[in-house]
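Structure record follows, encoded as C-alpha cells.
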Amino acid sequence: MTVPETPAVPAHFTMSEDEIIAKFPNRLRGYDLFRKMGSPKHVVAPMVDQSELAWRILSRRYDADLCYTPMFHARLFHQDKKYRDEQWQTNEDERPVIVQFCANDPDVLLKAASYVVGQADAVDLNLGCPQHIARRGHYGSYLMEDWDLISQLIRKLHENLDIPVTAKIRVYPEVEQTVQYAKMVEAAGAQIITVHGRLREQKGHKTGLADWAKIKAVKDAVKVPVFANGNILYYEDIQRCIDATGVEGVMSAETNLYNPALFSGKILPSWQLAEEYLEICKTVSTKSSYIRAHLFKLFRYSLPIHTDLRQQLVVAREVEEFSLVVAELKTRLIEEAATTTPPFDADNVQVDEFGYRKYPHWICQPALRFEHDKQHSKSKRLLNECQTSEQVEQTSEQVENNSNETTEDSDTKRQKVATA
C-alpha cells in the first residue's frame, strides 16, 4: 500500500496553528466567532456603494443578524484617508459587522485591515467579484487561478491581525475543484467561508441559478461555519436553502436591495421602507448617489408608471429633495392601492406559472428580469437563465419528448429559472 505523500507546508505559513493561538489567545475562531456574533442566520452581503451604514441600519431593523460593509479597495483604504473616511462608517450600535476588502498584496491588505481593528468583528477577503474592473485590478474572482496568492493574503491576516479573517468565494464548474478550493481557503486561516454558488462567468444578464449542491459539498468538507449566497427571492427560500445545504446562515445581496424587509418575512409597501431609509439618512451622512440608487430599486416597478417622478429622483441631491419625491409617490401609490380591485391581500398572494408571486408594483419584491425568447419559446423567460447552446438544445429536445407528460409543479419550474 502506497502512503499518500504529505503536502508540504507552504513557505508563507511562517507560524503553526498553535503558535498563532498563543499569539492571539483572545481572538475567536470558527464556531466561537459565529456564536459570539449571535449565530447569524440572516446575512446582508457586501455590496459596492450599497451596503453602507444607513442601509445596514435599515436591514437590521428587519431582522438582518449580520451585515457586511461594501467591498473596500485595500490599497486605497490604506493610502487615501479621504477614501477611508468616506467609505468606512460605523457606530457603537453596529455589531456584528464584517469589513470586506479586495486585494492582491498581502502586506497592503494587512495595513488596510489594521484600521478597522476594534470596530469590526472580522475582516473578509473578496474572492467573488466577477466584474471587469476586478479583472483589470487583479482581485476578486480573478484570483481564482492563483491559489498561492489567495493563500498568502488570508495567511498574512491570520498570522498578524488582531481580529479574524473570513472569505467569500465563488464556485468552479467542477464540484471537486470547488471543494479543494474551499479547503485551501480554510487551511490558510479563513474562519467563516461564504460560498456564492455561481461561476465567475455568471453575472449581469448571464446570472443564472446558484448551485446549492456545490455549496453543500463545501459545507460537508470544511470545519468552519459556511454561509450560502444565491437563489434567495422570498423569506421561505432562506430555510429551503439551509435545509438543502446545511449551512449556518444565508446571505442576500440583490434581493435585500429590492426588499430590505426580506429577512423579517413581512410584505411591505415600498414607500414605507423608503421613508424609513430617508429618516436614517437624516442622521447618518449618506452620499446622494447611494440614496438615489436605493430609491430606484425600492420603486423599481412603480417608476416606469410615474416617469415624471423618476426624473425628479435623477436630479435630487439632498435628503429633503428625495423625501419630497417619495412623499408624492407615496400619495399616488396609496390612491392606486385604494382603487385596485380586488384589493391586494398579503395573506393570499397569487403566483404565476413558475411560482413567482404576483405583487402589485407598490409592494417591495425581488427583481425578476425577463425577455422574450424568440428562438426557443413563445413565452417569456428570465434573462438570468443563461442557458448554453447545448443546454438549450437539450431542453428543446426534452420538451418535445415530454410534450404529453403532466405539467411540472410550480416549485420545480421555479427552480429552473430562479435567481437572486
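Every chain in the C-alpha cells has a letter given in the order shown (A, B, ...), and although residue numbers restart at 1 in each chain, ligands are simply numbered from 1 in the order shown.
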
Can you check which residues of range 149-301 of chain A DSSP gives as strand (DSSP E) on the backbone and send them as a PyMOL selection string?
chain A and resi 165-170+193-196+226-229+249-252

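The nearest approach to Asp80 in chain A among the residues A:Ser151, A:Ala112, A:Ile291, A:Leu278, with only C-alpha atoms taken into account, belongs to A:Ala112.
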
Residues at most 12 Å from Asp18 in chain A, counting only C-alpha atoms, excluding those fewer than 6 positions away in the same chain, as a list in words?
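In the requested format, the answer is Phe24, Pro25 and Glu159 of chain A.
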
What does the distance from CA of Leu233 in chain A to CA of Pro342 in chain A come to in Å, to one decimal?
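So the answer is 25.0 Å.
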
Point out the residue among A:Leu257, A:Gly30, A:Tyr290, A:Gly265 with the least atom-to-atom distance to Lys223 in chain A, counting only C-alpha atoms.
A:Gly30

Could you jot down the CA of Tyr62 in chain A to CA of Val48 in chain A separation for me, Å, one decimal place?
20.9 Å

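Taking CA of Glu254 in chain A and CA of Ser141 in chain A as endpoints, the distance between them is 18.2 Å.
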
Do you know which residues are at most 9 Å from Tyr181 in chain A counting only C-alpha atoms, after dropping those on the same chain fewer than 4 positions away, and could you put them as a PyMOL selection string?
chain A and resi 144+147+169+171-172+176-177+185-186

Would you mind telling me which residue in A:Ala190, A:Leu33, A:Ser285, A:Ile363 lies nearest to Asn259 in chain A when using only C-alpha atoms?
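Among the listed residues, the smallest separation from Asn259 in chain A belongs to A:Ile363.
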
So that I can see what lies close to Val195 in chain A, please list as a PyMOL selection string the residues with an atom at most 7 Å from it, counting only C-alpha atoms and leaving out residues fewer than 3 positions away in the same chain.
chain A and resi 168-170+215+227-229

DSSP on the backbone: what in range 83-308 of chain A comes out helix (DSSP H, G or I), as a compact mmCIF listing (two decimals) with N, CA, C and O atoms, in the first residue's frame?
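Generated file (states00.txt):
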```
# COMPACT_ATOMS: atom_id res chain seq x y z
N TYR A 83 -10.58 58.62 1.11
CA TYR A 83 -11.31 57.43 0.68
C TYR A 83 -11.77 56.63 1.89
O TYR A 83 -12.92 56.20 1.98
N ARG A 84 -10.87 56.46 2.84
CA ARG A 84 -11.17 55.67 4.03
C ARG A 84 -12.31 56.31 4.83
O ARG A 84 -13.24 55.62 5.27
N ASP A 85 -12.24 57.61 5.02
CA ASP A 85 -13.26 58.29 5.80
C ASP A 85 -14.62 58.30 5.10
O ASP A 85 -15.67 58.24 5.74
N GLU A 86 -14.60 58.38 3.77
CA GLU A 86 -15.85 58.37 3.01
C GLU A 86 -16.50 56.99 3.01
O GLU A 86 -17.72 56.85 3.10
N GLN A 87 -15.67 55.97 2.89
CA GLN A 87 -16.19 54.62 2.70
C GLN A 87 -16.55 53.92 4.01
O GLN A 87 -17.56 53.22 4.09
N PRO A 106 -0.50 41.01 0.03
CA PRO A 106 -0.71 40.65 1.43
C PRO A 106 -0.34 41.76 2.41
O PRO A 106 -1.07 42.01 3.38
N ASP A 107 0.78 42.44 2.19
CA ASP A 107 1.21 43.48 3.11
C ASP A 107 0.26 44.67 3.10
O ASP A 107 -0.07 45.24 4.15
N VAL A 108 -0.19 45.06 1.92
CA VAL A 108 -1.14 46.17 1.81
C VAL A 108 -2.47 45.79 2.46
O VAL A 108 -3.10 46.60 3.15
N LEU A 109 -2.90 44.56 2.26
CA LEU A 109 -4.14 44.10 2.87
C LEU A 109 -4.05 44.18 4.39
O LEU A 109 -4.99 44.65 5.05
N LEU A 110 -2.95 43.76 4.95
CA LEU A 110 -2.78 43.80 6.40
C LEU A 110 -2.83 45.25 6.91
O LEU A 110 -3.48 45.54 7.93
N LYS A 111 -2.16 46.15 6.21
CA LYS A 111 -2.16 47.55 6.63
C LYS A 111 -3.58 48.13 6.57
O LYS A 111 -4.00 48.88 7.47
N ALA A 112 -4.32 47.81 5.51
CA ALA A 112 -5.68 48.32 5.39
C ALA A 112 -6.58 47.74 6.48
O ALA A 112 -7.34 48.47 7.14
N ALA A 113 -6.47 46.44 6.71
CA ALA A 113 -7.32 45.78 7.69
C ALA A 113 -7.06 46.29 9.11
O ALA A 113 -7.97 46.31 9.95
N SER A 114 -5.84 46.72 9.37
CA SER A 114 -5.49 47.17 10.71
C SER A 114 -6.30 48.39 11.14
O SER A 114 -6.51 48.62 12.33
N HIS A 132 -15.55 43.38 -14.64
CA HIS A 132 -14.35 43.62 -15.45
C HIS A 132 -13.32 44.46 -14.70
O HIS A 132 -12.12 44.29 -14.90
N ILE A 133 -13.79 45.36 -13.84
CA ILE A 133 -12.85 46.17 -13.08
C ILE A 133 -12.00 45.29 -12.16
O ILE A 133 -10.83 45.59 -11.89
N ALA A 134 -12.58 44.19 -11.70
CA ALA A 134 -11.81 43.25 -10.86
C ALA A 134 -10.76 42.53 -11.69
O ALA A 134 -9.65 42.25 -11.21
N ARG A 135 -11.08 42.25 -12.94
CA ARG A 135 -10.09 41.61 -13.81
C ARG A 135 -8.94 42.57 -14.09
O ARG A 135 -7.77 42.19 -14.04
N ARG A 136 -9.27 43.83 -14.37
CA ARG A 136 -8.23 44.81 -14.63
C ARG A 136 -7.36 45.04 -13.39
O ARG A 136 -6.15 45.21 -13.49
N GLY A 137 -7.99 45.03 -12.22
CA GLY A 137 -7.25 45.27 -10.99
C GLY A 137 -6.64 44.03 -10.39
O GLY A 137 -5.93 44.11 -9.39
N GLY A 140 -10.64 39.95 -6.50
CA GLY A 140 -11.93 39.27 -6.55
C GLY A 140 -11.83 37.89 -7.15
O GLY A 140 -10.88 37.14 -6.89
N SER A 141 -12.80 37.53 -7.99
CA SER A 141 -12.81 36.18 -8.58
C SER A 141 -11.68 35.96 -9.57
O SER A 141 -11.41 34.82 -9.96
N TYR A 142 -11.00 37.03 -9.98
CA TYR A 142 -9.90 36.88 -10.93
C TYR A 142 -8.60 36.45 -10.26
O TYR A 142 -7.55 36.38 -10.91
N LEU A 143 -8.68 36.14 -8.97
CA LEU A 143 -7.56 35.48 -8.30
C LEU A 143 -7.75 33.97 -8.26
O LEU A 143 -6.89 33.25 -7.74
N TRP A 147 -4.05 30.30 -6.57
CA TRP A 147 -4.34 29.83 -5.23
C TRP A 147 -3.23 30.22 -4.24
O TRP A 147 -3.51 30.48 -3.08
N ASP A 148 -2.01 30.26 -4.71
CA ASP A 148 -0.91 30.60 -3.81
C ASP A 148 -1.06 32.02 -3.30
O ASP A 148 -0.87 32.28 -2.11
N LEU A 149 -1.44 32.96 -4.18
CA LEU A 149 -1.63 34.35 -3.75
C LEU A 149 -2.81 34.45 -2.79
O LEU A 149 -2.74 35.16 -1.78
N ILE A 150 -3.90 33.75 -3.09
CA ILE A 150 -5.05 33.76 -2.20
C ILE A 150 -4.65 33.28 -0.81
O ILE A 150 -4.99 33.89 0.21
N SER A 151 -3.91 32.19 -0.78
CA SER A 151 -3.46 31.64 0.50
C SER A 151 -2.57 32.63 1.24
O SER A 151 -2.68 32.80 2.46
N GLN A 152 -1.70 33.32 0.50
CA GLN A 152 -0.83 34.31 1.13
C GLN A 152 -1.64 35.46 1.74
O GLN A 152 -1.33 35.94 2.84
N LEU A 153 -2.66 35.92 1.02
CA LEU A 153 -3.48 37.02 1.51
C LEU A 153 -4.18 36.65 2.82
O LEU A 153 -4.16 37.42 3.80
N ILE A 154 -4.80 35.49 2.83
CA ILE A 154 -5.52 35.06 4.03
C ILE A 154 -4.54 34.78 5.16
O ILE A 154 -4.77 35.19 6.31
N ARG A 155 -3.43 34.11 4.85
CA ARG A 155 -2.49 33.74 5.90
C ARG A 155 -1.84 34.96 6.54
O ARG A 155 -1.57 34.99 7.76
N LYS A 156 -1.59 35.99 5.74
CA LYS A 156 -0.99 37.22 6.28
C LYS A 156 -1.88 37.79 7.39
O LYS A 156 -1.39 38.21 8.45
N LEU A 157 -3.19 37.81 7.16
CA LEU A 157 -4.09 38.31 8.19
C LEU A 157 -4.20 37.32 9.36
O LEU A 157 -4.24 37.73 10.52
N HIS A 158 -4.25 36.05 9.04
CA HIS A 158 -4.41 35.03 10.07
C HIS A 158 -3.23 35.05 11.05
O HIS A 158 -3.41 34.83 12.25
N GLU A 159 -2.05 35.35 10.56
CA GLU A 159 -0.86 35.33 11.41
C GLU A 159 -0.56 36.68 12.07
O GLU A 159 0.27 36.74 12.98
N ASN A 160 -1.24 37.75 11.61
CA ASN A 160 -0.83 39.08 12.07
C ASN A 160 -1.94 40.03 12.51
O ASN A 160 -1.64 41.05 13.13
N VAL A 175 -17.30 20.25 -9.03
CA VAL A 175 -17.51 20.27 -7.58
C VAL A 175 -16.23 19.91 -6.84
O VAL A 175 -15.94 20.46 -5.77
N GLU A 176 -15.43 18.99 -7.41
CA GLU A 176 -14.19 18.58 -6.74
C GLU A 176 -13.23 19.75 -6.60
O GLU A 176 -12.61 19.94 -5.54
N GLN A 177 -13.10 20.54 -7.65
CA GLN A 177 -12.20 21.69 -7.59
C GLN A 177 -12.74 22.74 -6.61
O GLN A 177 -11.97 23.37 -5.88
N THR A 178 -14.05 22.90 -6.59
CA THR A 178 -14.67 23.84 -5.66
C THR A 178 -14.36 23.45 -4.21
O THR A 178 -14.01 24.29 -3.38
N VAL A 179 -14.49 22.16 -3.92
CA VAL A 179 -14.22 21.67 -2.56
C VAL A 179 -12.76 21.86 -2.18
O VAL A 179 -12.44 22.33 -1.08
N GLN A 180 -11.85 21.52 -3.08
CA GLN A 180 -10.43 21.69 -2.79
C GLN A 180 -10.07 23.17 -2.60
O GLN A 180 -9.25 23.52 -1.75
N TYR A 181 -10.71 24.02 -3.37
CA TYR A 181 -10.51 25.46 -3.25
C TYR A 181 -10.93 25.94 -1.86
O TYR A 181 -10.19 26.66 -1.17
N ALA A 182 -12.12 25.53 -1.43
CA ALA A 182 -12.62 25.93 -0.12
C ALA A 182 -11.72 25.40 1.00
O ALA A 182 -11.46 26.11 1.99
N LYS A 183 -11.24 24.20 0.86
CA LYS A 183 -10.36 23.62 1.87
C LYS A 183 -9.02 24.37 1.94
O LYS A 183 -8.44 24.53 3.01
N MET A 184 -8.54 24.83 0.80
CA MET A 184 -7.32 25.64 0.78
C MET A 184 -7.54 26.96 1.51
O MET A 184 -6.70 27.41 2.31
N VAL A 185 -8.70 27.60 1.26
CA VAL A 185 -9.04 28.85 1.92
C VAL A 185 -9.14 28.64 3.44
O VAL A 185 -8.66 29.46 4.23
N GLU A 186 -9.75 27.53 3.83
CA GLU A 186 -9.85 27.21 5.25
C GLU A 186 -8.47 26.97 5.86
O GLU A 186 -8.16 27.49 6.95
N ALA A 187 -7.62 26.20 5.18
CA ALA A 187 -6.29 25.89 5.70
C ALA A 187 -5.45 27.15 5.88
O ALA A 187 -4.63 27.24 6.81
N ALA A 188 -5.67 28.14 5.01
CA ALA A 188 -4.90 29.39 5.11
C ALA A 188 -5.30 30.20 6.33
O ALA A 188 -4.52 31.02 6.80
N GLY A 204 -24.43 39.69 -14.47
CA GLY A 204 -25.26 40.51 -15.34
C GLY A 204 -26.42 39.72 -15.91
O GLY A 204 -27.14 39.03 -15.21
N HIS A 205 -26.58 39.78 -17.24
CA HIS A 205 -27.68 39.07 -17.90
C HIS A 205 -27.42 37.57 -17.99
O HIS A 205 -28.26 36.83 -18.51
N LYS A 206 -26.28 37.12 -17.51
CA LYS A 206 -25.97 35.69 -17.52
C LYS A 206 -25.87 35.16 -16.09
O LYS A 206 -25.10 34.27 -15.79
N TRP A 212 -26.74 25.07 -5.35
CA TRP A 212 -26.77 24.73 -3.93
C TRP A 212 -26.04 23.42 -3.65
O TRP A 212 -25.54 23.22 -2.54
N ALA A 213 -25.98 22.53 -4.63
CA ALA A 213 -25.28 21.26 -4.42
C ALA A 213 -23.79 21.48 -4.16
O ALA A 213 -23.18 20.80 -3.32
N LYS A 214 -23.21 22.43 -4.86
CA LYS A 214 -21.80 22.74 -4.64
C LYS A 214 -21.60 23.40 -3.28
O LYS A 214 -20.58 23.16 -2.60
N ILE A 215 -22.54 24.23 -2.87
CA ILE A 215 -22.45 24.84 -1.54
C ILE A 215 -22.51 23.75 -0.48
O ILE A 215 -21.74 23.76 0.49
N LYS A 216 -23.40 22.79 -0.65
CA LYS A 216 -23.50 21.68 0.30
C LYS A 216 -22.20 20.88 0.35
O LYS A 216 -21.74 20.46 1.43
N ALA A 217 -21.60 20.66 -0.82
CA ALA A 217 -20.34 19.91 -0.86
C ALA A 217 -19.26 20.62 -0.06
O ALA A 217 -18.46 19.98 0.65
N VAL A 218 -19.20 21.94 -0.17
CA VAL A 218 -18.23 22.71 0.62
C VAL A 218 -18.55 22.58 2.10
O VAL A 218 -17.65 22.35 2.92
N LYS A 219 -19.82 22.76 2.43
CA LYS A 219 -20.22 22.67 3.83
C LYS A 219 -19.82 21.32 4.43
O LYS A 219 -19.35 21.24 5.58
N ASP A 220 -20.00 20.26 3.68
CA ASP A 220 -19.67 18.93 4.16
C ASP A 220 -18.16 18.70 4.31
O ASP A 220 -17.73 17.81 5.04
N ALA A 221 -17.37 19.52 3.60
CA ALA A 221 -15.93 19.27 3.54
C ALA A 221 -15.11 20.10 4.52
O ALA A 221 -14.00 19.70 4.87
N TYR A 235 -38.77 35.03 1.67
CA TYR A 235 -38.42 34.62 3.03
C TYR A 235 -38.34 33.09 3.16
O TYR A 235 -37.43 32.56 3.80
N GLU A 236 -39.26 32.39 2.54
CA GLU A 236 -39.29 30.93 2.65
C GLU A 236 -38.07 30.27 2.03
O GLU A 236 -37.71 29.14 2.38
N ASP A 237 -37.41 30.97 1.10
CA ASP A 237 -36.22 30.40 0.46
C ASP A 237 -35.06 30.26 1.44
O ASP A 237 -34.16 29.45 1.22
N ILE A 238 -35.08 31.04 2.49
CA ILE A 238 -33.98 31.00 3.47
C ILE A 238 -33.89 29.62 4.10
O ILE A 238 -32.83 28.98 4.10
N GLN A 239 -35.01 29.14 4.63
CA GLN A 239 -34.99 27.82 5.27
C GLN A 239 -34.81 26.72 4.24
O GLN A 239 -34.15 25.70 4.52
N ARG A 240 -35.36 26.90 3.04
CA ARG A 240 -35.15 25.91 1.97
C ARG A 240 -33.66 25.76 1.68
O ARG A 240 -33.16 24.64 1.50
N CYS A 241 -32.96 26.87 1.66
CA CYS A 241 -31.52 26.83 1.38
C CYS A 241 -30.78 26.15 2.52
O CYS A 241 -29.89 25.31 2.28
N ILE A 242 -31.13 26.48 3.74
CA ILE A 242 -30.47 25.86 4.89
C ILE A 242 -30.72 24.36 4.91
O ILE A 242 -29.81 23.55 5.15
N ASP A 243 -31.95 23.95 4.62
CA ASP A 243 -32.28 22.53 4.59
C ASP A 243 -31.53 21.80 3.48
O ASP A 243 -31.11 20.65 3.65
N ALA A 244 -31.35 22.47 2.34
CA ALA A 244 -30.71 21.83 1.20
C ALA A 244 -29.20 21.76 1.32
O ALA A 244 -28.56 20.86 0.77
N THR A 245 -28.61 22.71 2.04
CA THR A 245 -27.14 22.81 2.07
C THR A 245 -26.53 22.52 3.43
O THR A 245 -25.35 22.19 3.51
N GLU A 254 -28.78 41.03 -3.93
CA GLU A 254 -29.72 41.78 -4.76
C GLU A 254 -31.11 41.85 -4.15
O GLU A 254 -31.74 42.91 -4.12
N THR A 255 -31.63 40.73 -3.66
CA THR A 255 -32.99 40.77 -3.13
C THR A 255 -33.10 41.69 -1.92
O THR A 255 -34.12 42.36 -1.72
N ASN A 256 -32.06 41.76 -1.11
CA ASN A 256 -32.07 42.70 0.01
C ASN A 256 -32.21 44.14 -0.47
O ASN A 256 -32.85 44.96 0.19
N LEU A 257 -31.62 44.45 -1.61
CA LEU A 257 -31.69 45.82 -2.13
C LEU A 257 -33.11 46.18 -2.58
O LEU A 257 -33.54 47.33 -2.46
N TYR A 258 -33.83 45.21 -3.12
CA TYR A 258 -35.19 45.47 -3.59
C TYR A 258 -36.22 45.30 -2.47
O TYR A 258 -37.31 45.85 -2.54
N LEU A 262 -36.80 41.57 3.66
CA LEU A 262 -36.75 40.15 3.29
C LEU A 262 -36.64 39.23 4.50
O LEU A 262 -37.40 38.27 4.64
N PHE A 263 -35.69 39.50 5.38
CA PHE A 263 -35.41 38.58 6.48
C PHE A 263 -36.50 38.56 7.54
O PHE A 263 -36.54 37.66 8.38
N SER A 264 -37.39 39.53 7.54
CA SER A 264 -38.48 39.57 8.51
C SER A 264 -39.69 38.77 8.05
O SER A 264 -40.56 38.44 8.86
N SER A 270 -43.48 49.79 -0.71
CA SER A 270 -42.17 50.36 -1.00
C SER A 270 -41.98 51.72 -0.33
O SER A 270 -40.88 52.04 0.13
N TRP A 271 -43.04 52.51 -0.26
CA TRP A 271 -42.88 53.85 0.33
C TRP A 271 -42.54 53.78 1.82
O TRP A 271 -41.84 54.65 2.32
N GLN A 272 -43.00 52.75 2.51
CA GLN A 272 -42.70 52.64 3.93
C GLN A 272 -41.21 52.43 4.16
O GLN A 272 -40.60 53.08 5.02
N LEU A 273 -40.60 51.54 3.37
CA LEU A 273 -39.16 51.30 3.51
C LEU A 273 -38.36 52.51 3.05
O LEU A 273 -37.32 52.85 3.64
N ALA A 274 -38.84 53.19 2.00
CA ALA A 274 -38.14 54.38 1.50
C ALA A 274 -38.15 55.49 2.54
O ALA A 274 -37.13 56.14 2.78
N GLU A 275 -39.31 55.73 3.15
CA GLU A 275 -39.39 56.78 4.17
C GLU A 275 -38.51 56.46 5.36
O GLU A 275 -37.82 57.33 5.90
N GLU A 276 -38.49 55.21 5.76
CA GLU A 276 -37.68 54.82 6.90
C GLU A 276 -36.20 54.98 6.60
O GLU A 276 -35.42 55.45 7.44
N TYR A 277 -35.81 54.60 5.40
CA TYR A 277 -34.41 54.75 4.99
C TYR A 277 -34.00 56.22 4.98
O TYR A 277 -32.93 56.59 5.48
N LEU A 278 -34.85 57.08 4.46
CA LEU A 278 -34.52 58.51 4.39
C LEU A 278 -34.44 59.13 5.77
O LEU A 278 -33.63 60.03 6.01
N GLU A 279 -35.25 58.65 6.70
CA GLU A 279 -35.16 59.14 8.08
C GLU A 279 -33.80 58.79 8.68
O GLU A 279 -33.20 59.58 9.40
N ILE A 280 -33.31 57.60 8.36
CA ILE A 280 -31.97 57.21 8.83
C ILE A 280 -30.92 58.10 8.20
O ILE A 280 -29.97 58.54 8.86
N CYS A 281 -31.09 58.41 6.92
CA CYS A 281 -30.11 59.24 6.20
C CYS A 281 -30.04 60.66 6.76
O CYS A 281 -29.05 61.37 6.54
N SER A 288 -25.52 61.12 -1.91
CA SER A 288 -26.76 61.19 -2.68
C SER A 288 -26.83 60.09 -3.73
O SER A 288 -27.91 59.59 -4.05
N SER A 289 -25.69 59.70 -4.27
CA SER A 289 -25.69 58.62 -5.27
C SER A 289 -26.14 57.30 -4.66
O SER A 289 -26.83 56.51 -5.32
N TYR A 290 -25.80 57.06 -3.39
CA TYR A 290 -26.25 55.85 -2.71
C TYR A 290 -27.76 55.90 -2.51
O TYR A 290 -28.48 54.92 -2.76
N ILE A 291 -28.24 57.06 -2.03
CA ILE A 291 -29.68 57.22 -1.76
C ILE A 291 -30.47 57.01 -3.05
O ILE A 291 -31.47 56.28 -3.08
N ARG A 292 -30.04 57.66 -4.11
CA ARG A 292 -30.75 57.56 -5.39
C ARG A 292 -30.82 56.11 -5.87
O ARG A 292 -31.88 55.63 -6.30
N ALA A 293 -29.70 55.41 -5.78
CA ALA A 293 -29.67 54.01 -6.23
C ALA A 293 -30.64 53.16 -5.42
O ALA A 293 -31.35 52.30 -5.98
N HIS A 294 -30.69 53.37 -4.12
CA HIS A 294 -31.61 52.59 -3.29
C HIS A 294 -33.06 52.89 -3.63
O HIS A 294 -33.89 51.96 -3.72
N LEU A 295 -33.40 54.15 -3.84
CA LEU A 295 -34.78 54.50 -4.14
C LEU A 295 -35.21 53.96 -5.50
O LEU A 295 -36.36 53.53 -5.67
N PHE A 296 -34.31 53.97 -6.46
CA PHE A 296 -34.65 53.40 -7.76
C PHE A 296 -34.95 51.91 -7.64
O PHE A 296 -35.82 51.39 -8.34
N LYS A 297 -34.26 51.23 -6.76
CA LYS A 297 -34.53 49.80 -6.59
C LYS A 297 -35.82 49.56 -5.81
O LYS A 297 -36.62 48.68 -6.15
N LEU A 298 -36.03 50.33 -4.75
CA LEU A 298 -37.26 50.16 -3.97
C LEU A 298 -38.51 50.43 -4.81
O LEU A 298 -39.54 49.78 -4.65
N THR A 307 -43.27 58.35 -14.50
CA THR A 307 -41.99 58.75 -15.10
C THR A 307 -41.57 60.16 -14.71
O THR A 307 -40.38 60.47 -14.71
N ASP A 308 -42.52 61.05 -14.41
CA ASP A 308 -42.14 62.41 -14.03
C ASP A 308 -41.38 62.41 -12.71
O ASP A 308 -40.43 63.18 -12.51
```

Between A:Ala103, A:Ile57, A:Val226, A:Ala253, which has the minimum distance to Arg75 in chain A (counting only C-alpha atoms)?
A:Ala103

Which of A:Pro96, A:Gly230, A:Gly355, A:Pro46 sits closest to Leu127 in chain A [using only C-alpha atoms]:
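Closest to Leu127 in chain A of all the choices is A:Pro46.
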